[in-house]
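**Student:** query.txt is reproduced in full below (compact mmCIF, C-alpha atoms).
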# COMPACT_ATOMS: atom_id res chain seq x y z
CA MET I 1456 -34.23 18.92 4.52
CA ILE I 1457 -34.69 15.39 5.82
CA ALA I 1458 -37.62 14.11 7.90
CA MET I 1459 -37.76 11.44 10.60
CA LYS I 1460 -40.44 9.98 12.84
CA TYR I 1461 -40.06 10.07 16.61
CA GLY I 1462 -43.15 8.47 18.12
CA PRO I 1463 -46.14 10.70 17.24
CA PHE I 1464 -43.92 13.49 15.94
CA THR I 1465 -42.66 14.04 12.39
CA LEU I 1466 -39.57 16.16 12.68
CA GLY I 1467 -37.74 17.84 9.83
CA GLU I 1468 -34.04 18.56 10.09
CA ALA I 1469 -32.31 21.32 8.16
CA TYR I 1470 -28.84 22.80 8.21
CA PHE I 1471 -27.28 26.26 7.86
CA GLN I 1472 -30.26 28.13 6.32
CA ARG I 1473 -33.96 28.62 6.94
CA ILE I 1474 -35.86 27.00 4.09
CA GLN I 1475 -39.46 26.46 3.00
CA ALA I 1476 -40.43 23.30 4.87
CA PRO I 1477 -42.77 20.74 3.24
CA ALA I 1478 -46.25 20.10 4.59
CA GLY I 1479 -46.83 17.42 7.19
CA LEU I 1480 -44.06 18.32 9.60
CA ASP I 1481 -44.80 19.02 13.25
CA ALA I 1482 -41.59 20.98 13.69
CA VAL I 1483 -38.28 21.66 12.00
CA LEU I 1484 -35.06 21.23 13.93
CA TYR I 1485 -32.68 23.78 12.48
CA ARG I 1486 -29.00 23.19 13.01
CA GLN I 1487 -26.19 25.73 12.81
CA LEU I 1488 -28.07 28.87 11.88
CA PRO I 1489 -26.18 32.17 12.11
CA SER I 1490 -28.90 33.73 14.30
CA PRO I 1491 -31.21 32.32 17.02
CA GLU I 1492 -34.06 34.60 15.92
CA GLY I 1493 -37.36 32.73 15.59
CA LEU I 1494 -36.09 29.49 17.14
CA VAL I 1495 -37.64 27.87 20.20
CA ARG I 1496 -35.07 27.79 23.01
CA PRO I 1497 -32.00 28.06 20.79
CA VAL I 1498 -28.75 26.46 21.89
CA GLY I 1499 -25.41 27.88 20.81
CA GLN I 1500 -22.82 25.72 19.07
CA ALA I 1501 -19.27 26.78 18.23
CA THR I 1502 -17.52 25.60 15.10
CA LEU I 1503 -14.60 26.48 12.87
CA LEU I 1504 -15.20 27.65 9.28
CA LEU I 1505 -12.76 27.93 6.40
CA ASP I 1506 -13.44 30.19 3.41
CA LEU I 1507 -12.82 28.14 0.26
CA SER I 1508 -13.26 31.11 -2.07
CA GLN I 1509 -9.58 31.90 -1.54
CA PRO I 1510 -7.11 30.79 -4.23
CA GLU I 1511 -5.85 27.26 -3.67
CA GLU I 1512 -2.25 28.36 -3.18
CA GLU I 1513 -3.30 30.85 -0.49
CA LEU I 1514 -5.31 28.15 1.28
CA PHE I 1515 -2.30 25.85 1.32
CA GLN I 1516 0.19 28.51 2.40
CA ALA I 1517 -2.10 29.50 5.28
CA ILE I 1518 -1.85 26.01 6.75
CA GLU I 1519 0.58 25.72 9.68
CA LYS I 1520 4.11 25.00 8.41
CA ASN I 1521 4.59 21.60 10.06
CA ALA I 1522 1.18 20.46 8.81
CA ARG I 1523 2.16 21.44 5.25
CA TYR I 1524 5.29 19.33 5.61
CA LYS I 1525 3.22 16.33 6.77
CA ILE I 1526 0.82 16.74 3.84
CA ARG I 1527 3.69 16.79 1.35
CA ARG I 1528 5.36 13.79 2.97
CA SER I 1529 2.08 11.85 2.84
CA GLN I 1530 1.78 12.71 -0.85
CA THR I 1531 5.35 11.80 -1.78
CA LYS I 1532 7.19 9.44 0.59
CA ASP I 1533 4.11 7.69 2.03
CA GLY I 1534 2.33 7.40 -1.31
CA THR I 1535 -1.09 8.01 0.26
CA ARG I 1536 -3.95 8.22 -2.25
CA CYS I 1537 -7.01 10.33 -1.42
CA ARG I 1538 -10.43 10.35 -3.05
CA LEU I 1539 -13.87 11.78 -2.38
CA LEU I 1540 -16.80 9.38 -2.82
CA ALA I 1541 -20.38 10.41 -3.65
CA GLY I 1542 -23.65 9.06 -5.05
CA PRO I 1543 -23.72 5.40 -6.13
CA GLU I 1544 -20.14 4.86 -4.90
CA ILE I 1545 -21.52 5.01 -1.34
CA THR I 1546 -23.44 1.72 -1.22
CA ASP I 1547 -25.39 0.30 1.71
CA ALA I 1548 -22.63 -2.27 2.16
CA TYR I 1549 -20.00 0.48 2.25
CA LEU I 1550 -21.98 2.42 4.88
CA ALA I 1551 -22.58 -0.68 7.00
CA ASP I 1552 -18.87 -1.50 6.99
CA LEU I 1553 -18.01 2.11 7.82
CA ALA I 1554 -20.51 2.13 10.69
CA GLU I 1555 -18.94 -1.00 12.15
CA ARG I 1556 -15.46 0.50 11.90
CA TYR I 1557 -16.76 3.69 13.52
CA ARG I 1558 -18.38 1.70 16.35
CA GLU I 1559 -15.01 0.17 17.22
CA PHE I 1560 -13.29 3.55 16.85
CA ALA I 1561 -15.93 5.38 18.90
CA GLN I 1562 -15.71 2.96 21.81
CA THR I 1563 -12.12 4.06 22.39
CA LYS I 1564 -13.23 7.71 22.57
CA GLY I 1565 -16.55 7.44 24.41
CA LEU I 1566 -18.61 8.45 21.36
CA GLY I 1567 -22.01 7.19 20.24
CA PRO I 1568 -22.46 5.05 17.13
CA MET I 1569 -22.83 6.35 13.59
CA ASN I 1570 -26.39 7.20 12.56
CA LEU I 1571 -26.89 5.14 9.41
CA GLN I 1572 -30.49 6.22 8.90
CA ARG I 1573 -29.47 9.88 8.72
CA LEU I 1574 -26.55 9.14 6.39
CA ARG I 1575 -28.79 7.18 4.02
CA GLN I 1576 -31.18 10.13 3.90
CA PHE I 1577 -28.29 12.49 3.20
CA ARG I 1578 -27.22 10.15 0.39
CA SER I 1579 -30.72 10.02 -1.10
CA ALA I 1580 -30.80 13.83 -1.12
CA GLY I 1581 -27.39 14.00 -2.83
CA MET I 1582 -25.81 15.58 0.27
CA LEU I 1583 -23.45 12.81 1.42
CA TYR I 1584 -19.74 12.75 0.54
CA ILE I 1585 -17.02 10.57 2.04
CA GLY I 1586 -13.31 11.28 1.87
CA GLN I 1587 -10.99 8.28 2.03
CA ALA I 1588 -7.20 8.10 2.38
CA ASP I 1589 -5.63 4.81 1.25
CA ALA I 1590 -2.12 3.59 1.93
CA GLU I 1591 0.08 2.67 -1.01
CA GLU I 1592 -0.50 -0.99 -0.06
CA GLY I 1593 -4.26 -0.51 -0.47
CA GLU I 1594 -5.59 -0.41 3.09
CA THR I 1595 -7.71 2.60 4.08
CA LEU I 1596 -6.18 4.69 6.87
CA VAL I 1597 -8.66 7.57 7.32
CA TRP I 1598 -12.30 8.36 6.52
CA HIS I 1599 -14.11 11.75 6.58
CA VAL I 1600 -17.92 11.83 6.30
CA TYR I 1601 -19.48 15.09 5.06
CA LEU I 1602 -22.87 16.70 4.76
CA VAL I 1603 -22.72 19.04 1.74
CA VAL I 1604 -25.60 21.49 1.24
CA HIS I 1605 -26.01 25.22 0.54
CA ARG I 1606 -22.41 25.35 -0.77
CA ARG I 1607 -21.14 24.29 2.63
CA ALA I 1608 -19.43 21.04 3.63
CA ARG I 1609 -19.70 19.99 7.27
CA LEU I 1610 -17.48 17.27 8.66
CA PHE I 1611 -19.94 14.87 10.27
CA TYR I 1612 -17.70 11.97 11.26
CA SER I 1613 -13.95 11.46 11.17
CA LEU I 1614 -12.28 8.14 11.91
CA SER I 1615 -8.87 6.64 11.41
CA ARG I 1616 -6.84 3.56 12.14
CA PHE I 1617 -4.53 5.50 14.46
CA ARG I 1618 -5.24 3.17 17.39
CA ASP I 1619 -4.96 -0.04 15.38
CA SER I 1620 -1.27 -0.21 16.26
CA GLU I 1621 1.00 1.08 19.01
CA ASP I 1622 3.82 1.43 16.48
CA PRO I 1623 4.76 5.16 16.49
CA GLN I 1624 5.76 5.02 12.81
CA PHE I 1625 2.33 3.70 11.84
CA GLN I 1626 0.57 6.28 14.03
CA ASN I 1627 2.62 9.09 12.51
CA ARG I 1628 1.76 7.83 9.05
CA VAL I 1629 -1.96 7.87 9.88
CA GLY I 1630 -1.63 11.39 11.31
CA ARG I 1631 -0.02 12.57 8.07
CA ALA I 1632 -2.72 10.82 6.03
CA ASN I 1633 -5.41 12.60 8.06
CA ARG I 1634 -3.96 16.03 7.27
CA HIS I 1635 -3.41 15.01 3.65
CA LEU I 1636 -7.03 13.89 3.35
CA HIS I 1637 -8.31 17.15 4.83
CA TRP I 1638 -6.29 19.06 2.23
CA GLU I 1639 -7.45 16.93 -0.70
CA ASP I 1640 -11.05 17.13 0.54
CA LEU I 1641 -10.77 20.93 0.65
CA ARG I 1642 -9.37 21.05 -2.88
CA THR I 1643 -12.01 18.72 -4.32
CA LEU I 1644 -14.93 20.36 -2.54
CA LYS I 1645 -13.72 23.78 -3.67
CA ALA I 1646 -13.63 22.52 -7.26
CA LEU I 1647 -17.22 21.29 -6.83
CA GLY I 1648 -18.35 24.81 -5.90
CA VAL I 1649 -18.37 24.50 -2.11
CA ALA I 1650 -17.65 27.90 -0.55
CA THR I 1651 -17.33 27.02 3.15
CA TYR I 1652 -15.64 24.13 4.92
CA ASP I 1653 -17.03 23.40 8.41
CA PHE I 1654 -14.77 21.40 10.73
CA GLY I 1655 -17.82 20.10 12.62
CA GLY I 1656 -17.48 21.81 15.98
CA PHE I 1657 -15.01 23.59 18.23
CA TYR I 1658 -14.50 22.97 21.96
CA LEU I 1659 -14.85 26.11 24.06
CA GLY I 1660 -13.70 24.63 27.38
CA GLN I 1661 -10.22 24.43 28.85
CA THR I 1662 -10.23 21.14 30.77
CA ASP I 1663 -10.66 18.29 28.26
CA GLU I 1664 -7.17 17.62 26.91
CA ALA I 1665 -8.37 15.31 24.12
CA LYS I 1666 -10.76 17.94 22.78
CA LEU I 1667 -8.12 20.64 23.08
CA ARG I 1668 -5.80 18.50 20.93
CA ILE I 1669 -8.57 18.20 18.32
CA ASN I 1670 -8.98 22.00 18.43
CA HIS I 1671 -5.25 22.38 17.81
CA PHE I 1672 -5.42 20.02 14.83
CA LYS I 1673 -8.29 21.98 13.28
CA LEU I 1674 -6.56 25.31 13.86
CA GLU I 1675 -3.60 24.10 11.79
CA PHE I 1676 -5.80 24.86 8.77
CA ARG I 1677 -6.49 28.45 9.95
CA GLY I 1678 -10.27 28.46 10.11
CA VAL I 1679 -12.35 31.15 11.84
CA GLN I 1680 -14.31 30.37 15.00
CA VAL I 1681 -18.04 31.23 14.89
CA MET I 1682 -21.07 30.68 17.10
CA GLU I 1683 -24.19 29.19 15.51
CA TYR I 1684 -27.55 28.06 16.86
CA ASN I 1685 -29.74 24.97 16.97
CA GLY I 1686 -33.44 25.09 17.76
CA PHE I 1687 -37.00 24.26 16.75
CA GLN I 1688 -39.44 26.05 14.50
CA VAL I 1689 -42.99 24.96 15.35
CA ARG I 1690 -45.37 23.97 12.50
CA SER I 1691 -48.33 22.25 14.21
CA LEU I 1692 -50.08 21.86 17.56
CA ARG I 1693 -48.05 18.72 18.19
CA GLY I 1694 -45.00 20.69 17.19
CA ARG I 1695 -45.91 23.32 19.79
CA LEU I 1696 -45.86 20.57 22.41
CA LEU I 1697 -42.52 19.37 21.09
CA GLY I 1698 -41.14 22.90 21.22
CA GLY I 1699 -42.48 23.40 24.74
CA LEU I 1700 -40.67 20.27 25.90
CA TYR I 1701 -37.52 21.08 23.93
CA THR I 1702 -35.00 20.88 26.75
CA LEU I 1703 -36.42 17.53 27.86
CA LEU I 1704 -37.03 15.95 24.47
CA LEU I 1705 -34.00 17.05 22.46
CA PRO I 1706 -31.58 14.76 24.35
CA LEU I 1707 -34.08 11.90 23.83
CA VAL I 1708 -34.35 12.72 20.11
CA GLU I 1709 -30.56 12.72 19.83
CA LEU I 1710 -30.30 9.42 21.71
CA ALA I 1711 -32.98 7.75 19.59
CA SER I 1712 -31.33 9.12 16.46
CA ARG I 1713 -27.99 7.58 17.44
CA TRP I 1714 -29.42 4.13 18.02
CA ARG I 1715 -31.63 3.86 14.91
CA LEU I 1716 -28.87 2.15 12.99
CA ARG I 1717 -30.72 -0.25 10.68
Could I get this file's structure written as structure tokens?

**Tutor:**
Amino acid sequence: MIAMKYGPFTLGEAYFQRIQAPAGLDAVLYRQLPSPEGLVRPVGQATLLLDLSQPEEELFQAIEKNARYKIRRSQTKDGTRCRLLAGPEITDAYLADLAERYREFAQTKGLGPMNLQRLRQFRSAGMLYIGQADAEEGETLVWHVYLVVHRRARLFYSLSRFRDSEDPQFQNRVGRANRHLHWEDLRTLKALGVATYDFGGFYLGQTDEAKLRINHFKLEFRGVQVMEYNGFQVRSLRGRLLGGLYTLLLPLVELASRWRLR
């Protein structure tokens, strides 16, 4: 559970499970619950989940054949090195640099900026992990930012240097590093006791080609599509007002959250 101020409201934010909320909150914004029961105006959200309780060999063999080849090539011929950062390794300077890289990356894809305030709160709560794939020469090619709580790891942000060059060989190398990093993240998180890997969303439409390509990438790892729900739980009179204005205020909360970067 993290808490943030939005004008007169103090809003808690919790993921995946209903929990006992601390005093002083006007409302709790629950994200990705399995059921909408008890939530004010719940909104459905699709995602893709992978069961990490399976043996490691079964997880790897379930991955699409060509993706397995790219992972092995990244490990051997490319010499890519992957690691998962946590705790004091994720400094304010590291996050600031990552946010700047993400800003440049996001501009090419029409995405909003990284929410540093939220990531710092995740870090303080021991819930922030960052996967990093480094080239043999030392430069970082791919980053994966995770929220890890309730034995579940959710991919929050993913960025790469794919568009740093128009050289097809470089782009292919980054694509292999991305798959390699996903695999090493899965292995490391599994070893840490994480039971479920959440790919961070799944596009249900049929018209956005870029999102359909992302869906295809995620499905290479053979996850299962599920529908989950976001919504408020009211805890005060002010929270009742917030819940009543949910459809109006939630986009404003999300927008404010995106731009509170420092």

**Student:** Need the shell around I:Leu1596: protein/DNA/RNA residues with any atom at most 10 Å away, counting all atoms listed in the file. Skip same-chain ones fewer than 5 positions apart. Format as a list in words?

**Tutor:**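 Using all atoms listed in the file, the neighbours found are Thr1535, Gln1587, Ala1588, Asp1589, Ala1590, Leu1614, Ser1615, Arg1616, Phe1617, Asp1619, Phe1625, Gln1626, Arg1628, Val1629, Gly1630, Ala1632, Asn1633 and Leu1636 of chain I.
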
**Student:** Using all atoms listed in the file, which residues sit within 8 Å of stretch 1680-1691 of chain I once same-chain residues fewer than 5 positions away are excluded, as a compact mmCIF listing (two decimals) with C-alpha atoms, in the frame of the given file?

**Tutor:**
# COMPACT_ATOMS: atom_id res chain seq x y z
CA LEU I 1480 -44.06 18.32 9.60
CA ASP I 1481 -44.80 19.02 13.25
CA ALA I 1482 -41.59 20.98 13.69
CA VAL I 1483 -38.28 21.66 12.00
CA LEU I 1484 -35.06 21.23 13.93
CA TYR I 1485 -32.68 23.78 12.48
CA ARG I 1486 -29.00 23.19 13.01
CA GLN I 1487 -26.19 25.73 12.81
CA LEU I 1488 -28.07 28.87 11.88
CA PRO I 1489 -26.18 32.17 12.11
CA SER I 1490 -28.90 33.73 14.30
CA PRO I 1491 -31.21 32.32 17.02
CA GLY I 1493 -37.36 32.73 15.59
CA LEU I 1494 -36.09 29.49 17.14
CA VAL I 1495 -37.64 27.87 20.20
CA ARG I 1496 -35.07 27.79 23.01
CA PRO I 1497 -32.00 28.06 20.79
CA VAL I 1498 -28.75 26.46 21.89
CA GLY I 1499 -25.41 27.88 20.81
CA GLN I 1500 -22.82 25.72 19.07
CA ALA I 1501 -19.27 26.78 18.23
CA THR I 1502 -17.52 25.60 15.10
CA LEU I 1503 -14.60 26.48 12.87
CA LEU I 1504 -15.20 27.65 9.28
CA PHE I 1657 -15.01 23.59 18.23
CA GLY I 1698 -41.14 22.90 21.22
CA TYR I 1701 -37.52 21.08 23.93

**Student:** Could you pull the residues within 9 Å of I:His1605, counting all atoms listed in the file, minus those fewer than 3 positions along the same chain, as a ChimeraX atom specification?

**Tutor:** /I:1470-1472,1608,1649-1650

**Student:** Counting all atoms listed in the file, I want the residues whose atoms come within 12 Å of (-31.8, 11.6, 3.6) in the file frame, returned as a VMD selection string.

**Tutor:** chain I and resid 1456 to 1459 1467 to 1469 1570 to 1583 1602 to 1604

**Student:** Selected residues, C-alpha atoms, written as a PDB file, in the coordinates of the input, please.

**Tutor:**
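Done, and the output landed in part.pdb:
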ATOM      1  CA  MET I1456     -34.230  18.920   4.520  1.00  0.00           C
ATOM      2  CA  ILE I1457     -34.690  15.390   5.820  1.00  0.00           C
ATOM      3  CA  ALA I1458     -37.620  14.110   7.900  1.00  0.00           C
ATOM      4  CA  MET I1459     -37.760  11.440  10.600  1.00  0.00           C
ATOM      5  CA  GLY I1467     -37.740  17.840   9.830  1.00  0.00           C
ATOM      6  CA  GLU I1468     -34.040  18.560  10.090  1.00  0.00           C
ATOM      7  CA  ALA I1469     -32.310  21.320   8.160  1.00  0.00           C
ATOM      8  CA  ASN I1570     -26.390   7.200  12.560  1.00  0.00           C
ATOM      9  CA  LEU I1571     -26.890   5.140   9.410  1.00  0.00           C
ATOM     10  CA  GLN I1572     -30.490   6.220   8.900  1.00  0.00           C
ATOM     11  CA  ARG I1573     -29.470   9.880   8.720  1.00  0.00           C
ATOM     12  CA  LEU I1574     -26.550   9.140   6.390  1.00  0.00           C
ATOM     13  CA  ARG I1575     -28.790   7.180   4.020  1.00  0.00           C
ATOM     14  CA  GLN I1576     -31.180  10.130   3.900  1.00  0.00           C
ATOM     15  CA  PHE I1577     -28.290  12.490   3.200  1.00  0.00           C
ATOM     16  CA  ARG I1578     -27.220  10.150   0.390  1.00  0.00           C
ATOM     17  CA  SER I1579     -30.720  10.020  -1.100  1.00  0.00           C
ATOM     18  CA  ALA I1580     -30.800  13.830  -1.120  1.00  0.00           C
ATOM     19  CA  GLY I1581     -27.390  14.000  -2.830  1.00  0.00           C
ATOM     20  CA  MET I1582     -25.810  15.580   0.270  1.00  0.00           C
ATOM     21  CA  LEU I1583     -23.450  12.810   1.420  1.00  0.00           C
ATOM     22  CA  LEU I1602     -22.870  16.700   4.760  1.00  0.00           C
ATOM     23  CA  VAL I1603     -22.720  19.040   1.740  1.00  0.00           C
ATOM     24  CA  VAL I1604     -25.600  21.490   1.240  1.00  0.00           C
TER      25      VAL I1604
END

**Student:** Please, what distance in Å, to one decimal, runs between atom CA of I:Gln1516 and atom CA of I:Ile1585?

**Tutor:**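 Atom-to-atom, atom CA of I:Gln1516 and atom CA of I:Ile1585 are spaced 24.9 Å apart.
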
**Student:** One number please: atom CA of I:Phe1611 to atom CA of I:Ala1478, in Å, one decimal.

**Tutor:** 27.4 Å

**Student:** Between I:Thr1662, I:Arg1642, I:His1637, I:Pro1543, which one has atoms that come closest to I:Ala1522, using only C-alpha atoms?

**Tutor:**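 Closest to I:Ala1522 of all the choices is I:His1637.
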
**Student:** Mind pulling up the distance from atom CA of I:Glu1513 to atom CA of I:Thr1595?

**Tutor:**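 Value for the atom CA of I:Thr1595-atom CA of I:Glu1513 distance: 29.0 Å.
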
**Student:** I need every residue sitting at most 7 Å from the point (-13.6, 31.5, -0.5) (coordinates as in the file, only C-alpha atoms considered), written as an MDAnalysis selection string.

**Tutor:** chainID I and resid 1506:1509 1650:1651

**Student:** My list of candidates is I:Lys1666, I:His1671, I:Arg1677, I:His1635. Which is closest to I:Arg1523 when distances are computed with all atoms listed in the file?

**Tutor:**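 Checking each of I:Lys1666, I:His1671, I:Arg1677, I:His1635 against I:Arg1523, counting all atoms listed in the file, the winner is I:His1635.
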
**Student:** Take every atom of stretch 1624-1639 of chain I listed in the file, fit an axis-aligned box around them, add 4 Å per side, and give the centre and edge lengths in Å to one decimal as lines of an AutoDock Vina configuration file.

**Tutor:**
center_x = -1.3
center_y = 11.4
center_z = 6.7
size_x = 22.1
size_y = 23.4
size_z = 22.7
